[in-house]
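Trainee: Below is the file coords03.txt, with compact mmCIF, C-alpha atoms and all ligand atoms.
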# COMPACT_ATOMS: atom_id res chain seq x y z
CA MET A 23 0.00 0.00 0.00
CA THR A 24 1.75 3.11 -1.20
CA THR A 25 -0.94 5.69 -0.56
CA THR A 26 0.46 8.84 0.98
CA SER A 27 -0.82 10.03 4.32
CA ILE A 28 -1.18 13.77 4.33
CA ASP A 29 1.37 15.75 6.27
CA SER A 30 -0.81 18.51 7.62
CA ALA A 31 2.21 20.66 8.50
CA ALA A 32 2.95 20.90 4.80
CA ASN A 33 -0.51 22.21 3.97
CA ARG A 34 -0.95 25.78 2.93
CA SER A 35 -4.11 27.03 1.38
CA VAL A 36 -3.50 27.60 -2.29
CA ASN A 37 -7.12 28.44 -2.78
CA ASP A 38 -6.59 31.47 -0.62
CA GLN A 39 -4.42 32.76 -3.45
CA ILE A 40 -7.15 32.04 -5.96
CA VAL A 41 -9.74 33.80 -3.88
CA ALA A 42 -7.44 36.69 -2.99
CA ASP A 43 -6.57 37.51 -6.57
CA PRO A 44 -9.23 36.26 -8.94
CA SER A 45 -7.93 38.48 -11.74
CA ALA A 46 -4.78 36.32 -11.94
CA SER A 47 -6.84 33.18 -12.44
CA CYS A 48 -8.49 31.81 -15.57
CA ASP A 49 -11.93 32.85 -14.29
CA VAL A 50 -12.94 35.49 -11.77
CA GLU A 51 -15.89 33.29 -10.76
CA LEU A 52 -13.43 30.96 -9.03
CA ALA A 53 -13.72 33.31 -6.07
CA GLU A 54 -17.36 32.22 -5.64
CA GLY A 55 -18.72 29.20 -3.79
CA PRO A 56 -19.42 26.38 -6.28
CA TRP A 57 -23.09 26.15 -5.20
CA ILE A 58 -23.62 29.30 -7.27
CA PHE A 59 -23.02 27.16 -10.40
CA ASP A 60 -24.20 23.75 -9.32
CA LEU A 61 -27.64 23.92 -10.88
CA VAL A 62 -26.72 25.54 -14.18
CA PRO A 63 -25.59 23.47 -17.17
CA GLY A 64 -21.83 23.32 -17.73
CA TYR A 65 -18.80 22.36 -15.72
CA GLY A 66 -18.58 25.66 -13.87
CA PRO A 67 -15.88 28.28 -13.83
CA GLY A 68 -12.39 27.37 -14.85
CA CYS A 69 -10.60 25.80 -17.72
CA SER A 70 -13.27 23.34 -18.77
CA GLU A 71 -16.23 25.69 -18.66
CA ASP A 72 -16.58 25.74 -22.45
CA ASP A 73 -16.92 21.98 -22.70
CA VAL A 74 -20.31 20.86 -23.89
CA ILE A 75 -21.98 19.07 -20.99
CA PRO A 76 -23.80 15.93 -22.08
CA GLU A 77 -27.45 15.44 -21.13
CA PRO A 78 -27.24 12.56 -18.63
CA VAL A 79 -24.71 14.25 -16.35
CA VAL A 80 -26.03 14.37 -12.78
CA ARG A 81 -27.03 17.77 -11.43
CA PRO A 82 -27.09 18.00 -7.69
CA GLY A 83 -29.54 19.35 -5.22
CA GLN A 84 -28.61 22.70 -3.75
CA LEU A 85 -26.38 22.94 -0.71
CA PRO A 86 -28.62 24.10 2.18
CA VAL A 87 -28.46 27.87 2.52
CA GLU A 88 -27.24 27.71 6.12
CA TYR A 89 -24.07 25.94 4.89
CA GLN A 90 -23.62 28.42 2.05
CA LYS A 91 -23.68 31.25 4.59
CA MET A 92 -21.34 29.73 7.17
CA SER A 93 -17.96 31.35 7.68
CA ASP A 94 -14.84 29.34 6.89
CA ASP A 95 -14.12 29.05 10.62
CA GLU A 96 -17.54 27.61 11.32
CA LEU A 97 -17.32 25.12 8.45
CA HIS A 98 -13.92 23.90 9.59
CA ALA A 99 -15.09 23.62 13.19
CA ARG A 100 -18.05 21.52 12.03
CA ILE A 101 -15.88 19.24 9.88
CA ARG A 102 -13.44 18.68 12.76
CA ALA A 103 -16.22 18.00 15.26
CA ALA A 104 -18.03 15.56 12.95
CA LYS A 105 -14.81 13.75 12.06
CA GLU A 106 -14.00 13.44 15.75
CA LYS A 107 -17.46 12.03 16.53
CA LEU A 108 -17.45 9.61 13.61
CA GLY A 109 -13.91 8.34 14.29
CA GLU A 110 -13.09 5.06 12.50
CA ARG A 111 -16.65 4.83 11.15
CA VAL A 112 -15.70 7.12 8.28
CA VAL A 113 -12.68 7.27 6.00
CA ILE A 114 -12.02 10.34 3.86
CA LEU A 115 -10.12 9.93 0.59
CA GLY A 116 -8.66 12.95 -1.24
CA HIS A 117 -7.24 13.22 -4.74
CA PHE A 118 -4.04 15.24 -5.22
CA TYR A 119 -6.02 17.87 -7.16
CA GLN A 120 -8.37 18.73 -4.30
CA ARG A 121 -8.16 22.13 -2.70
CA ASP A 122 -6.07 22.18 0.49
CA GLU A 123 -9.03 23.31 2.61
CA VAL A 124 -10.54 19.88 1.86
CA VAL A 125 -7.47 17.67 1.45
CA GLN A 126 -6.31 18.51 4.95
CA TYR A 127 -9.10 16.25 6.28
CA ALA A 128 -8.25 13.27 4.06
CA ASP A 129 -7.04 10.08 5.73
CA PHE A 130 -5.45 9.11 2.42
CA VAL A 131 -4.27 11.39 -0.37
CA GLY A 132 -3.17 9.90 -3.66
CA ASP A 133 -3.57 9.38 -7.38
CA SER A 134 -6.52 7.47 -8.77
CA PHE A 135 -4.77 4.08 -8.65
CA GLN A 136 -3.75 4.59 -5.02
CA LEU A 137 -7.20 5.79 -4.02
CA ALA A 138 -8.85 2.76 -5.65
CA ASN A 139 -6.59 0.64 -3.44
CA ALA A 140 -7.19 2.85 -0.41
CA ALA A 141 -10.93 2.21 -0.75
CA LEU A 142 -10.13 -1.47 -0.12
CA THR A 143 -7.94 -0.94 2.92
CA LYS A 144 -10.66 0.23 5.30
CA PRO A 145 -13.24 -2.57 5.18
CA ASP A 146 -14.38 -1.70 8.71
CA ALA A 147 -15.31 1.90 7.91
CA GLU A 148 -19.07 2.27 7.41
CA THR A 149 -18.66 5.14 4.99
CA ILE A 150 -16.08 6.31 2.45
CA VAL A 151 -16.28 10.03 1.76
CA PHE A 152 -14.56 10.53 -1.60
CA CYS A 153 -13.15 14.00 -2.13
CA GLY A 154 -12.44 13.49 -5.80
CA VAL A 155 -14.71 13.27 -8.81
CA HIS A 156 -17.68 11.11 -9.78
CA PHE A 157 -15.85 8.24 -11.55
CA MET A 158 -13.51 7.82 -8.55
CA ALA A 159 -16.44 7.53 -6.14
CA GLU A 160 -18.15 5.03 -8.45
CA THR A 161 -14.98 2.94 -8.46
CA ALA A 162 -14.85 3.03 -4.66
CA ASP A 163 -18.49 1.87 -4.51
CA ILE A 164 -17.74 -1.04 -6.86
CA LEU A 165 -14.71 -2.13 -4.83
CA ALA A 166 -16.13 -1.49 -1.36
CA ARG A 167 -17.98 -4.06 0.73
CA PRO A 168 -21.75 -4.10 -0.02
CA GLU A 169 -22.51 -2.70 3.46
CA GLN A 170 -20.22 0.31 2.98
CA HIS A 171 -21.62 3.63 1.74
CA VAL A 172 -19.68 5.86 -0.62
CA ILE A 173 -20.36 9.59 -0.59
CA LEU A 174 -19.36 12.21 -3.15
CA PRO A 175 -19.81 15.47 -1.21
CA ASN A 176 -20.94 17.39 -4.30
CA LEU A 177 -22.63 15.37 -7.05
CA ALA A 178 -21.69 18.02 -9.62
CA ALA A 179 -18.03 17.01 -9.26
CA GLY A 180 -17.85 15.12 -12.54
CA CYS A 181 -15.04 14.93 -15.09
CA SER A 182 -15.50 16.52 -18.50
CA MET A 183 -13.14 13.99 -20.07
CA ALA A 184 -15.01 11.01 -18.64
CA ASP A 185 -18.21 12.45 -20.11
CA MET A 186 -16.67 12.42 -23.62
CA ALA A 187 -17.28 8.68 -23.96
CA ASP A 188 -20.79 7.40 -23.29
CA GLU A 189 -21.93 3.79 -23.37
CA GLU A 190 -24.07 4.19 -26.48
CA SER A 191 -21.22 5.63 -28.59
CA VAL A 192 -18.77 2.98 -27.39
CA GLU A 193 -21.25 0.17 -28.14
CA ALA A 194 -21.81 1.67 -31.62
CA ALA A 195 -18.05 1.87 -32.25
CA TRP A 196 -17.64 -1.72 -31.05
CA GLU A 197 -20.27 -2.91 -33.54
CA GLU A 198 -18.53 -1.14 -36.43
CA LEU A 199 -15.17 -2.55 -35.40
CA THR A 200 -16.54 -6.07 -35.02
CA GLU A 201 -17.84 -5.87 -38.59
CA ILE A 202 -14.36 -5.00 -39.79
CA TYR A 203 -12.27 -7.31 -37.63
CA GLY A 204 -14.74 -10.13 -36.94
CA ASP A 205 -14.96 -11.68 -33.49
CA GLU A 206 -12.83 -14.81 -33.84
CA PRO A 207 -9.38 -15.08 -32.27
CA ASP A 208 -6.34 -15.50 -34.59
CA ALA A 209 -4.04 -18.55 -34.78
CA ASP A 210 -2.28 -17.41 -31.57
CA GLY A 211 -5.58 -17.19 -29.72
CA LYS A 212 -5.53 -13.37 -29.70
CA GLN A 213 -8.86 -11.52 -29.84
CA PRO A 214 -9.30 -9.06 -32.76
CA ILE A 215 -9.64 -6.13 -30.35
CA VAL A 216 -9.41 -5.54 -26.58
CA PRO A 217 -11.20 -2.55 -24.99
CA VAL A 218 -9.17 -0.53 -22.49
CA THR A 219 -10.85 2.25 -20.57
CA TYR A 220 -9.05 4.89 -18.59
CA MET A 221 -10.18 5.05 -14.98
CA ASN A 222 -11.68 8.45 -15.94
CA SER A 223 -14.84 6.87 -17.34
CA SER A 224 -18.29 5.86 -16.16
CA ALA A 225 -18.94 2.56 -14.36
CA ALA A 226 -20.97 1.51 -17.43
CA LEU A 227 -17.85 1.68 -19.59
CA LYS A 228 -15.79 -0.24 -17.06
CA ALA A 229 -18.55 -2.86 -17.17
CA PHE A 230 -18.34 -2.86 -20.99
CA CYS A 231 -14.63 -3.69 -20.67
CA GLY A 232 -15.38 -6.41 -18.12
CA ARG A 233 -17.88 -8.04 -20.52
CA HIS A 234 -15.59 -7.85 -23.57
CA GLY A 235 -12.34 -9.23 -22.16
CA GLY A 236 -11.00 -5.74 -21.46
CA ILE A 237 -9.45 -3.85 -18.60
CA VAL A 238 -9.25 -0.46 -16.85
CA CYS A 239 -6.03 1.55 -16.60
CA THR A 240 -4.89 4.62 -14.72
CA SER A 241 -2.16 7.01 -15.73
CA SER A 242 0.24 5.17 -13.41
CA ASN A 243 -0.18 1.67 -14.87
CA ALA A 244 -1.18 2.42 -18.48
CA SER A 245 1.88 0.75 -20.04
CA THR A 246 1.50 -2.41 -17.90
CA VAL A 247 -2.16 -2.51 -18.91
CA LEU A 248 -1.40 -2.08 -22.62
CA GLU A 249 1.11 -4.95 -22.38
CA TRP A 250 -1.64 -7.03 -20.72
CA ALA A 251 -4.00 -6.16 -23.57
CA PHE A 252 -1.49 -7.01 -26.31
CA GLU A 253 -0.86 -10.41 -24.73
CA ARG A 254 -4.56 -11.11 -25.32
CA GLY A 255 -5.46 -9.11 -28.40
CA GLN A 256 -4.21 -7.97 -31.79
CA ARG A 257 -5.23 -4.36 -31.20
CA VAL A 258 -6.74 -2.06 -28.57
CA LEU A 259 -9.69 0.35 -28.47
CA PHE A 260 -8.56 2.95 -25.91
CA PHE A 261 -11.03 5.45 -24.40
CA PRO A 262 -11.73 8.19 -23.50
CA ASP A 263 -8.33 9.98 -23.37
CA GLN A 264 -6.53 10.03 -26.70
CA HIS A 265 -3.46 11.68 -25.15
CA LEU A 266 -2.81 9.10 -22.43
CA GLY A 267 -3.31 6.36 -25.05
CA ARG A 268 -1.02 7.98 -27.61
CA ASN A 269 1.73 8.93 -25.16
CA THR A 270 1.77 5.48 -23.57
CA ALA A 271 1.64 3.51 -26.82
CA LYS A 272 4.31 5.73 -28.40
CA ALA A 273 6.64 5.13 -25.45
CA MET A 274 6.11 1.39 -26.07
CA GLY A 275 7.33 1.81 -29.66
CA ILE A 276 4.00 1.72 -31.51
CA PRO A 277 4.23 3.96 -34.61
CA LEU A 278 1.83 6.91 -34.85
CA GLU A 279 0.53 5.63 -38.21
CA GLN A 280 -0.89 2.65 -36.33
CA MET A 281 -2.77 4.84 -33.85
CA PRO A 282 -5.74 6.41 -35.64
CA THR A 283 -8.08 8.63 -33.67
CA TRP A 284 -11.68 7.42 -33.38
CA ASN A 285 -14.19 10.25 -33.68
CA PRO A 286 -17.50 8.81 -32.42
CA ARG A 287 -19.52 11.30 -34.46
CA ARG A 288 -18.22 10.03 -37.82
CA PRO A 289 -18.65 6.74 -39.69
CA LEU A 290 -15.73 4.38 -38.97
CA GLY A 291 -14.59 6.98 -36.47
CA GLY A 292 -13.53 9.18 -39.41
CA ASN A 293 -11.07 6.57 -40.75
CA ARG A 294 -10.57 4.64 -43.96
CA GLU A 295 -11.06 0.90 -43.57
CA ASP A 296 -7.54 0.05 -44.83
CA ARG A 297 -6.05 2.30 -42.11
CA LEU A 298 -8.13 0.54 -39.49
CA GLN A 299 -6.85 -2.84 -40.71
CA GLU A 300 -3.32 -1.74 -39.84
CA ALA A 301 -4.22 -0.07 -36.55
CA LYS A 302 -2.72 -1.26 -33.25
CA VAL A 303 -4.36 1.30 -30.94
CA LEU A 304 -7.59 3.16 -31.75
CA LEU A 305 -7.67 6.36 -29.75
CA TRP A 306 -11.05 7.74 -28.69
CA HIS A 307 -11.38 11.45 -29.40
CA GLY A 308 -11.42 12.55 -25.72
CA PHE A 309 -9.16 14.92 -23.80
CA CYS A 310 -8.77 16.76 -20.51
CA SER A 311 -9.39 20.49 -20.67
CA VAL A 312 -6.93 21.15 -17.85
CA HIS A 313 -4.04 19.30 -19.48
CA LYS A 314 -4.85 20.55 -22.97
CA ARG A 315 -3.71 23.98 -21.78
CA PHE A 316 -0.05 22.95 -21.64
CA THR A 317 2.07 23.86 -24.66
CA VAL A 318 5.58 23.36 -26.04
CA ALA A 319 5.97 27.17 -26.01
CA GLN A 320 5.49 27.14 -22.20
CA ILE A 321 8.26 24.53 -21.89
CA GLU A 322 10.55 26.57 -24.15
CA LYS A 323 9.90 29.65 -22.02
CA ALA A 324 10.59 27.74 -18.80
CA ARG A 325 13.90 26.49 -20.27
CA ALA A 326 14.85 30.01 -21.42
CA ASP A 327 13.94 31.61 -18.06
CA HIS A 328 15.45 28.85 -15.90
CA PRO A 329 18.44 27.13 -17.52
CA GLY A 330 18.69 23.63 -16.06
CA VAL A 331 14.97 23.46 -15.21
CA LYS A 332 13.53 19.94 -15.08
CA VAL A 333 10.13 19.60 -16.72
CA ILE A 334 7.61 16.90 -15.85
CA VAL A 335 4.07 16.67 -17.22
CA HIS A 336 1.02 14.43 -16.81
CA PRO A 337 0.39 12.03 -19.73
CA GLU A 338 -3.01 13.66 -20.34
CA ALA A 339 -0.98 16.50 -21.93
CA PRO A 340 -0.74 16.44 -25.76
CA MET A 341 2.09 14.37 -27.28
CA PRO A 342 4.34 17.28 -28.42
CA VAL A 343 4.29 18.57 -24.81
CA VAL A 344 5.16 15.16 -23.38
CA ASP A 345 7.94 14.82 -25.99
CA ALA A 346 9.39 18.22 -25.05
CA ALA A 347 9.34 17.45 -21.30
CA ASP A 348 12.09 15.61 -19.41
CA ALA A 349 9.63 13.16 -17.89
CA PHE A 350 5.95 12.33 -17.76
CA GLY A 351 3.80 10.37 -15.36
CA SER A 352 0.81 10.12 -13.06
CA THR A 353 0.18 12.58 -10.29
CA ASP A 354 2.00 10.28 -7.88
CA LYS A 355 4.98 10.00 -10.23
CA ILE A 356 5.09 13.81 -10.37
CA ARG A 357 5.05 13.91 -6.55
CA ARG A 358 7.90 11.38 -6.38
CA PHE A 359 9.86 13.30 -9.05
CA VAL A 360 9.79 16.44 -6.90
CA ALA A 361 10.55 14.47 -3.72
CA ALA A 362 13.61 12.92 -5.39
CA SER A 363 14.98 16.29 -6.58
CA GLU A 364 17.76 18.17 -4.78
CA PRO A 365 17.48 21.42 -2.80
CA GLY A 366 18.07 24.28 -5.23
CA ASP A 367 16.56 22.42 -8.20
CA VAL A 368 14.04 24.17 -10.42
CA ILE A 369 11.08 22.05 -11.51
CA ALA A 370 8.32 23.05 -13.93
CA ILE A 371 5.18 20.92 -13.80
CA GLY A 372 2.40 20.39 -16.30
CA THR A 373 -0.55 19.35 -14.19
CA GLU A 374 -3.38 20.74 -12.07
CA ILE A 375 -2.58 23.89 -10.06
CA ASN A 376 -3.68 22.75 -6.58
CA MET A 377 -1.22 19.90 -6.71
CA VAL A 378 1.61 22.04 -8.08
CA ASN A 379 1.10 24.71 -5.44
CA ARG A 380 1.02 22.07 -2.69
CA LEU A 381 4.32 20.61 -3.89
CA ALA A 382 5.81 24.12 -4.03
CA ALA A 383 4.76 24.67 -0.41
CA GLU A 384 6.05 21.26 0.67
CA TYR A 385 9.51 21.83 -0.87
CA PRO A 386 10.34 25.49 -0.19
CA ASP A 387 14.06 24.85 -0.79
CA ARG A 388 13.31 24.11 -4.48
CA THR A 389 11.63 26.26 -7.09
CA VAL A 390 8.49 24.41 -8.15
CA PHE A 391 6.08 26.09 -10.54
CA CYS A 392 3.29 25.37 -12.99
CA LEU A 393 4.06 25.60 -16.72
CA ASP A 394 0.79 27.46 -17.22
CA PRO A 395 1.16 30.97 -15.78
CA VAL A 396 -2.61 31.30 -15.29
CA VAL A 397 -4.08 29.82 -12.11
CA CYS A 398 -6.60 27.32 -13.39
CA PRO A 399 -7.78 24.41 -11.26
CA CYS A 400 -9.73 21.37 -12.37
CA SER A 401 -13.13 23.04 -12.28
CA THR A 402 -14.93 19.85 -11.27
CA MET A 403 -12.60 18.89 -8.41
CA TYR A 404 -13.03 22.50 -7.30
CA ARG A 405 -16.70 21.80 -6.62
CA ILE A 406 -15.85 19.87 -3.46
CA HIS A 407 -15.91 22.84 -1.13
CA PRO A 408 -15.62 22.55 2.69
CA GLY A 409 -19.32 23.52 2.81
CA TYR A 410 -20.27 20.24 1.11
CA LEU A 411 -17.86 18.23 3.24
CA ALA A 412 -19.35 19.72 6.43
CA TRP A 413 -22.89 19.03 5.19
CA VAL A 414 -22.30 15.33 4.38
CA LEU A 415 -20.33 14.70 7.59
CA ASP A 416 -23.03 16.40 9.69
CA GLY A 417 -25.52 14.14 7.89
CA LEU A 418 -23.58 11.03 8.96
CA VAL A 419 -23.53 12.25 12.57
CA GLU A 420 -27.32 12.60 12.34
CA GLY A 421 -27.60 9.10 10.80
CA GLU A 422 -28.33 10.32 7.25
CA VAL A 423 -26.25 9.32 4.21
CA ARG A 424 -26.24 12.32 1.84
CA ASN A 425 -25.04 12.26 -1.78
CA GLN A 426 -24.49 8.52 -1.82
CA ILE A 427 -23.05 7.02 -4.99
CA VAL A 428 -24.65 3.68 -5.78
CA VAL A 429 -23.63 1.74 -8.86
CA ASP A 430 -26.29 -0.61 -10.22
CA ALA A 431 -25.48 -4.21 -9.15
CA ASP A 432 -25.24 -5.66 -12.70
CA VAL A 433 -23.00 -2.83 -13.85
CA ALA A 434 -20.87 -3.15 -10.71
CA ARG A 435 -20.41 -6.90 -11.21
CA ASP A 436 -19.00 -6.50 -14.75
CA ALA A 437 -17.03 -3.37 -13.92
CA LYS A 438 -15.38 -5.17 -11.00
CA VAL A 439 -13.99 -7.78 -13.39
CA ALA A 440 -12.18 -5.06 -15.38
CA LEU A 441 -11.10 -3.22 -12.22
CA GLU A 442 -9.66 -6.33 -10.60
CA ARG A 443 -7.62 -6.99 -13.73
CA MET A 444 -6.34 -3.44 -13.37
CA LEU A 445 -5.49 -3.73 -9.69
CA ALA A 446 -3.31 -6.72 -10.55
CA ALA A 447 -1.45 -4.66 -13.18
CA LEU A 448 0.93 -2.79 -10.93
CA PRO A 449 2.47 0.49 -12.05
CA LYS A 450 6.08 0.03 -13.26
CA GLY A 451 8.50 0.75 -10.42
CA ALA A 452 5.78 0.34 -7.73
P1 LIG A 501 -4.04 10.37 -11.75
O1 LIG A 501 -4.48 8.98 -12.06
O2 LIG A 501 -2.65 10.62 -12.21
O3 LIG A 501 -4.28 10.68 -10.32
O4 LIG A 501 -4.90 11.37 -12.63
C1 LIG A 501 -6.27 11.48 -12.49
C2 LIG A 501 -6.76 12.62 -13.25
O5 LIG A 501 -7.93 12.85 -13.36
C3 LIG A 501 -5.79 13.45 -13.93
O6 LIG A 501 -6.45 14.47 -14.60
FE1 LIG A 502 -11.12 15.09 -15.39
FE2 LIG A 502 -9.14 16.64 -16.31
FE3 LIG A 502 -10.25 17.14 -13.91
FE4 LIG A 502 -8.68 15.00 -14.28
S1 LIG A 502 -8.07 17.15 -14.38
S2 LIG A 502 -10.64 15.05 -13.19
S3 LIG A 502 -9.24 14.43 -16.39
S4 LIG A 502 -11.27 17.27 -15.93
Take the structure in the file and write it out as structure tokens.
Mentor:
Amino acid sequence: MTTTSIDSAANRSVNDQIVADPSASCDVELAEGPWIFDLVPGYGPGCSEDDVIPEPVVRPGQLPVEYQKMSDDELHARIRAAKEKLGERVVILGHFYQRDEVVQYADFVGDSFQLANAALTKPDAETIVFCGVHFMAETADILARPEQHVILPNLAAGCSMADMADEESVEAAWEELTEIYGDEPDADGKQPIVPVTYMNSSAALKAFCGRHGGIVCTSSNASTVLEWAFERGQRVLFFPDQHLGRNTAKAMGIPLEQMPTWNPRRPLGGNREDRLQEAKVLLWHGFCSVHKRFTVAQIEKARADHPGVKVIVHPEAPMPVVDAADAFGSTDKIRRFVAASEPGDVIAIGTEINMVNRLAAEYPDRTVFCLDPVVCPCSTMYRIHPGYLAWVLDGLVEGEVRNQIVVDADVARDAKVALERMLAALPKGA
């Protein structure tokens, strides 16, 4: 179990900076409480606000007004008191991208692979409060014991990338591909195509992978998972993040010509059939709006301004950015990269701002900064505000489970197959 326990001494509120100077951020509305936006369509203020929000995305009920009006001090006092009362009955998980005001209460902080494991390590806790986004809480519900409840403090905390692949479009793509490749294994017993879904996807798509001999991956074990898939199949359908798929497959030596992009809105994904016959990895046309912001020009500027700077980016960044960086990896790899650096080093990071600012605060003897000069958090993670955390914890104290995430039993059964395959595929170097 490699999940990191939070060192509260290292916490400094980066959101204070966002609130204090909204003009330096990508959206002045970041200074507002997220409940202002929770009922309107869209992903809220921040870098992904222009993404088209698909119809079925859950909209939450409103946070009770009394919680909206509470001062920060009162909210924090309530969270501490409820946590104290609930003790071992509740475990709080926090993703690296959460705001510090929330992450300080997490019993485990980690990347999505670590948090999926962390959900398994507390079988005695009655409730898992997941301070992350919707697909992470769904995964925890699938892996948790049936008696355990999983709570997502704000149901509007989705992931715009996960929403770019829906079950209907993936089923339609699968049908087209089965017509082209057939469904019989070759002479070596390899299936024509193996579906691989990134953890950032709905439970329904994880279940699709479970039913079709496929697997889930995270950014930390994507290459192990692709190796697993190629042991069983001739080619892979990878969704929803084209960049993670492309960056990982390229690092494994697969030529770009054999990685066509699959656009679900076009026949054959927008490809010619002869190109598909040669394909090794079909990349769904999805992306993360936060990581799409990183550019080669930012890396060039960082190198010009700070000779000797080391650059590390998340593999959700576009391929030219990953190629121009010194290293790429999951959020936990980025954390370990900074931890392994020397005092005096200068490190430029291409990932979400809350995490970068936390690392900068944790290692004050190094210069750690974000490649993107504009403060722009993941706008969906940002929706987990201390107000929501206080409200759901108070609910538990009163015996009420608020904002529970429940995955349908049939979906959970198939999704668990794909998730368990993933949990066995350890990240390289873990
Ligand atoms: P990690 O798996 O690296 O934690 O990333 C999750 C995520 O959503 C990155 O945008
Ligand atoms: Fe989704 Fe991007 Fe936010 Fe990660 S950073 S949760 S991929 S929107």
Trainee: Which is closer to Ala447 in chain A than all the others in A:Cys153, A:Cys392, A:Val360, A:Ile237, using only C-alpha atoms?
Mentor: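 Smallest separation from Ala447 in chain A among the options: A:Ile237.
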Trainee: Env of Phe391 in chain A: 8 Å cut, atoms = all atoms listed in the file, seq-sep filter 6 positions within chain, self excluded. Answer as a PyMOL selection string.
Mentor: chain A and resi 369-371+378-379+382
Trainee: Given only C-alpha atoms as the basis, pick out the residue of A:Leu137, A:Leu298, A:Ala99, A:Ala166 nearest to Ile215 in chain A.
Mentor: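 Smallest distance to Ile215 in chain A is found for A:Leu298.
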Trainee: If you count all atoms listed in the file, which residues end up within 6 Å of ligand LIG 501 (chain A), as a PDB file with C-alpha atoms, keeping the file's coordinate frame?
Mentor:
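Everything below was put into out_36.pdb:
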ATOM      1  CA  ASP A 133      -3.570   9.380  -7.380  1.00  0.00           C
ATOM      2  CA  SER A 134      -6.520   7.470  -8.770  1.00  0.00           C
ATOM      3  CA  PHE A 135      -4.770   4.080  -8.650  1.00  0.00           C
ATOM      4  CA  THR A 240      -4.890   4.620 -14.720  1.00  0.00           C
ATOM      5  CA  SER A 241      -2.160   7.010 -15.730  1.00  0.00           C
ATOM      6  CA  SER A 352       0.810  10.120 -13.060  1.00  0.00           C
ATOM      7  CA  THR A 353       0.180  12.580 -10.290  1.00  0.00           C
TER       8      THR A 353
END
Trainee: With all atoms listed in the file as the counted atoms, please give the residues lying no more than 12 Å from Glu253 in chain A, apart from itself and same-chain residues fewer than 3 positions off, as a PyMOL selection string.
Mentor: chain A and resi 210-216+235-236+246-250+256-258
Trainee: Could you give me, as a ChimeraX atom specification, the residues that have an atom at most 12 Å away from the point (-17.2, 4.4, -33.2) in the coordinates of the file, using all atoms listed in the file?
Mentor: /A:187-202,259-262,282-293,298,304-307
Trainee: For a quick check of understanding, using all atoms listed in the file, which of A:Ala140, A:Ala446, A:Val112, A:Leu278 has the smallest distance to Tyr127 in chain A?
Mentor: A:Val112
Trainee: Mind giving me the straight-line distance from CA of Gln299 in chain A to CA of Tyr203 in chain A in Å, one decimal?
Mentor: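 For CA of Gln299 in chain A relative to CA of Tyr203 in chain A, the distance reads 7.7 Å.
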Trainee: Taking all atoms listed in the file into account, which of A:Met183, A:Ala159, A:Ala271, A:Ala326 comes nearest ligand LIG 502 (chain A)?
Mentor: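 When distances to ligand LIG 502 (chain A) are compared using all atoms listed in the file, the smallest one comes from A:Met183.
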Trainee: For Ile406 in chain A, find every residue with an atom within 8 Å (counting only C-alpha atoms), except residues of its own chain fewer than 2 positions away, and show them as a PyMOL selection string.
Mentor: chain A and resi 56+120+124+153-154+175-176+179+402-404+408+410-411
Trainee: Which residues sit within 8 Å of ligand LIG 502 (chain A), counting all atoms listed in the file, listed as a PyMOL selection string?
Mentor: chain A and resi 70+119+154-155+180-184+222+309-313+338+373-374+399-403
Trainee: Would you write out those residues with C-alpha atoms, as a short mmCIF file (atom, residue, chain, number, x, y, z; two decimals), in the coordinates of the input?
Mentor:
data_model
loop_
_atom_site.label_atom_id
_atom_site.label_comp_id
_atom_site.auth_asym_id
_atom_site.auth_seq_id
_atom_site.Cartn_x
_atom_site.Cartn_y
_atom_site.Cartn_z
CA SER A 70 -13.27 23.34 -18.77
CA TYR A 119 -6.02 17.87 -7.16
CA GLY A 154 -12.44 13.49 -5.80
CA VAL A 155 -14.71 13.27 -8.81
CA GLY A 180 -17.85 15.12 -12.54
CA CYS A 181 -15.04 14.93 -15.09
CA SER A 182 -15.50 16.52 -18.50
CA MET A 183 -13.14 13.99 -20.07
CA ALA A 184 -15.01 11.01 -18.64
CA ASN A 222 -11.68 8.45 -15.94
CA PHE A 309 -9.16 14.92 -23.80
CA CYS A 310 -8.77 16.76 -20.51
CA SER A 311 -9.39 20.49 -20.67
CA VAL A 312 -6.93 21.15 -17.85
CA HIS A 313 -4.04 19.30 -19.48
CA GLU A 338 -3.01 13.66 -20.34
CA THR A 373 -0.55 19.35 -14.19
CA GLU A 374 -3.38 20.74 -12.07
CA PRO A 399 -7.78 24.41 -11.26
CA CYS A 400 -9.73 21.37 -12.37
CA SER A 401 -13.13 23.04 -12.28
CA THR A 402 -14.93 19.85 -11.27
CA MET A 403 -12.60 18.89 -8.41
#
Trainee: Quick one, how far is CA of Pro277 in chain A from CA of Ile334 in chain A?
Mentor: 23.0 Å
Trainee: Which residues are close to Glu300 in chain A, i.e. within 10 Å by all atoms listed in the file, leaving aside same-chain residues fewer than 4 positions away? Reply as a PDB file with C-alpha atoms, in the frame of the given file.
Mentor:
ATOM      1  CA  ARG A 257      -5.230  -4.360 -31.200  1.00  0.00           C
ATOM      2  CA  GLU A 279       0.530   5.630 -38.210  1.00  0.00           C
ATOM      3  CA  GLN A 280      -0.890   2.650 -36.330  1.00  0.00           C
ATOM      4  CA  MET A 281      -2.770   4.840 -33.850  1.00  0.00           C
ATOM      5  CA  PRO A 282      -5.740   6.410 -35.640  1.00  0.00           C
ATOM      6  CA  GLU A 295     -11.060   0.900 -43.570  1.00  0.00           C
ATOM      7  CA  ASP A 296      -7.540   0.050 -44.830  1.00  0.00           C
TER       8      ASP A 296
END
